[in-house]
file final_37.pdb (PDB, C-alpha atoms)
ATOM      1  CA  MET Y  19      79.660  85.652  77.892  1.00  0.00           C
ATOM      2  CA  LYS Y  20      80.030  83.542  81.005  1.00  0.00           C
ATOM      3  CA  LEU Y  21      83.788  83.341  80.553  1.00  0.00           C
ATOM      4  CA  ALA Y  22      84.054  87.097  80.121  1.00  0.00           C
ATOM      5  CA  ILE Y  23      82.095  87.716  83.314  1.00  0.00           C
ATOM      6  CA  LEU Y  24      84.205  85.225  85.250  1.00  0.00           C
ATOM      7  CA  LYS Y  25      87.421  86.711  83.933  1.00  0.00           C
ATOM      8  CA  LEU Y  26      86.380  90.166  85.119  1.00  0.00           C
ATOM      9  CA  ALA Y  27      84.765  89.161  88.413  1.00  0.00           C
ATOM     10  CA  GLY Y  28      86.763  86.146  89.487  1.00  0.00           C
ATOM     11  CA  SER Y  29      84.898  84.449  92.328  1.00  0.00           C
ATOM     12  CA  ASP Y  30      83.404  87.654  93.757  1.00  0.00           C
ATOM     13  CA  LEU Y  31      79.638  87.094  93.653  1.00  0.00           C
ATOM     14  CA  LYS Y  32      78.791  90.806  93.829  1.00  0.00           C
ATOM     15  CA  GLU Y  33      81.059  91.470  90.855  1.00  0.00           C
ATOM     16  CA  ILE Y  34      79.490  88.554  88.963  1.00  0.00           C
ATOM     17  CA  GLU Y  35      76.072  90.103  89.568  1.00  0.00           C
ATOM     18  CA  LYS Y  36      77.328  93.537  88.493  1.00  0.00           C
ATOM     19  CA  TYR Y  37      78.814  92.288  85.226  1.00  0.00           C
ATOM     20  CA  THR Y  38      75.771  90.105  84.546  1.00  0.00           C
ATOM     21  CA  GLU Y  39      73.506  93.135  84.883  1.00  0.00           C
ATOM     22  CA  THR Y  40      75.821  95.150  82.645  1.00  0.00           C
ATOM     23  CA  ALA Y  41      75.751  92.362  80.059  1.00  0.00           C
ATOM     24  CA  LYS Y  42      71.963  92.438  80.045  1.00  0.00           C
ATOM     25  CA  GLN Y  43      72.133  96.094  79.018  1.00  0.00           C
ATOM     26  CA  ASP Y  44      74.904  95.723  76.420  1.00  0.00           C
ATOM     27  CA  TYR Y  45      76.918  92.505  76.347  1.00  0.00           C
ATOM     28  CA  ARG Y  46      79.528  94.101  74.086  1.00  0.00           C
ATOM     29  CA  ASP Y  47      80.840  96.198  76.963  1.00  0.00           C
ATOM     30  CA  VAL Y  48      81.585  93.142  79.082  1.00  0.00           C
ATOM     31  CA  LEU Y  49      83.211  91.299  76.192  1.00  0.00           C
ATOM     32  CA  THR Y  50      85.368  94.307  75.396  1.00  0.00           C
ATOM     33  CA  TRP Y  51      86.519  94.791  78.991  1.00  0.00           C
ATOM     34  CA  ALA Y  52      87.386  91.098  79.324  1.00  0.00           C
ATOM     35  CA  GLU Y  53      89.103  90.558  75.989  1.00  0.00           C
ATOM     36  CA  TYR Y  54      90.656  93.967  75.346  1.00  0.00           C
ATOM     37  CA  PRO Y  55      91.334  95.610  78.730  1.00  0.00           C
ATOM     38  CA  ARG Y  56      94.265  97.719  77.508  1.00  0.00           C
ATOM     39  CA  GLN Y  57      93.052  98.456  74.007  1.00  0.00           C
ATOM     40  CA  SER Y  58      89.597  99.514  75.148  1.00  0.00           C
ATOM     41  CA  LYS Y  59      91.141 102.395  77.082  1.00  0.00           C
ATOM     42  CA  LYS Y  60      93.037 103.614  74.014  1.00  0.00           C
ATOM     43  CA  TRP Y  61      90.887 102.834  70.956  1.00  0.00           C
ATOM     44  CA  SER Y  62      91.906 106.054  69.255  1.00  0.00           C
ATOM     45  CA  MET Y  63      95.626 105.331  69.518  1.00  0.00           C
ATOM     46  CA  PRO Y  64      97.176 105.398  66.050  1.00  0.00           C
ATOM     47  CA  ASP Y  65      98.534 102.182  64.588  1.00  0.00           C
ATOM     48  CA  GLY Y  66     102.133 101.513  65.414  1.00  0.00           C
ATOM     49  CA  PRO Y  67     104.429  99.693  67.829  1.00  0.00           C
ATOM     50  CA  LYS Y  68     102.713 100.979  70.992  1.00  0.00           C
ATOM     51  CA  LYS Y  69      99.300  99.844  69.797  1.00  0.00           C
ATOM     52  CA  ASN Y  70     100.734  96.496  68.726  1.00  0.00           C
ATOM     53  CA  ASN Y  71     102.177  96.056  72.230  1.00  0.00           C
ATOM     54  CA  LEU Y  72      98.720  96.646  73.720  1.00  0.00           C
ATOM     55  CA  ILE Y  73      97.177  94.125  71.350  1.00  0.00           C
ATOM     56  CA  GLU Y  74      99.797  91.491  72.158  1.00  0.00           C
ATOM     57  CA  ALA Y  75      99.536  92.087  75.913  1.00  0.00           C
ATOM     58  CA  ASP Y  76      95.743  91.672  75.774  1.00  0.00           C
ATOM     59  CA  LYS Y  77      96.052  88.455  73.754  1.00  0.00           C
ATOM     60  CA  GLU Y  78      98.659  87.022  76.109  1.00  0.00           C
ATOM     61  CA  GLU Y  79      96.608  87.868  79.200  1.00  0.00           C
ATOM     62  CA  TYR Y  80      93.467  86.286  77.792  1.00  0.00           C
ATOM     63  CA  ASP Y  81      95.279  83.162  76.597  1.00  0.00           C
ATOM     64  CA  LYS Y  82      97.016  82.775  79.948  1.00  0.00           C
ATOM     65  CA  TRP Y  83      93.714  83.154  81.793  1.00  0.00           C
ATOM     66  CA  LEU Y  84      91.966  80.591  79.570  1.00  0.00           C
ATOM     67  CA  ASN Y  85      94.739  78.046  79.918  1.00  0.00           C
ATOM     68  CA  THR Y  86      95.229  78.149  83.680  1.00  0.00           C
TER      69      THR Y  86
END
call {"tool": "encode", "arguments": {"input": "final_37.pdb", "output": "structure tokens"}}
result
Amino acid sequence: MKLAILKLAGSDLKEIEKYTETAKQDYRDVLTWAEYPRQSKKWSMPDGPKKNNLIEADKEEYDKWLNT
């Protein structure tokens, strides 16, 4: 949870507070926004190459963020 909040907020303390409060209501929202930023905007997209590109882009972004 902490990693998800930091990924979304960076070092902005007001954003950290905002996402922390959101997580207290429903932590799944914060996890979704952090781990699946592209996919979460297009959940209903049918399976196919475009959806696969979103999935790969989200994975790459998260991996890059974790490893920097």
call {"tool": "residues_around", "arguments": {"input": "final_37.pdb", "residues": "Val48 (chain Y)", "least_positions_apart": "5", "cutoff": "10 Å", "atoms": "all atoms listed in the file", "output": "PyMOL selection string"}}
result
chain Y and resi 19-20+22-23+25-26+37-43+53-54
call {"tool": "resolve_selection", "arguments": {"input": "final_37.pdb", "expression": "the PyMOL selection byres ((chain Y and resi 59) around 12)", "output": "ChimeraX atom specification"}}
result
/Y:50-51,54-58,60-63,69,72-73,76
call {"tool": "atom_distance", "arguments": {"input": "final_37.pdb", "atom1": "CA of Ser29 (chain Y)", "atom2": "CA of Glu74 (chain Y)"}}
result
26.0 Å
call {"tool": "closest_residue", "arguments": {"input": "final_37.pdb", "among": "Y:Lys36, Y:Ala52, Y:Gly66, Y:Gly28", "to": "Asp81 (chain Y)", "atoms": "all atoms listed in the file"}}
result
Y:Ala52
call {"tool": "atom_distance", "arguments": {"input": "final_37.pdb", "atom1": "CA of Glu78 (chain Y)", "atom2": "CA of Asp30 (chain Y)"}}
result
23.3 Å
call {"tool": "atom_distance", "arguments": {"input": "final_37.pdb", "atom1": "CA of Arg46 (chain Y)", "atom2": "CA of Leu31 (chain Y)"}}
result
20.8 Å
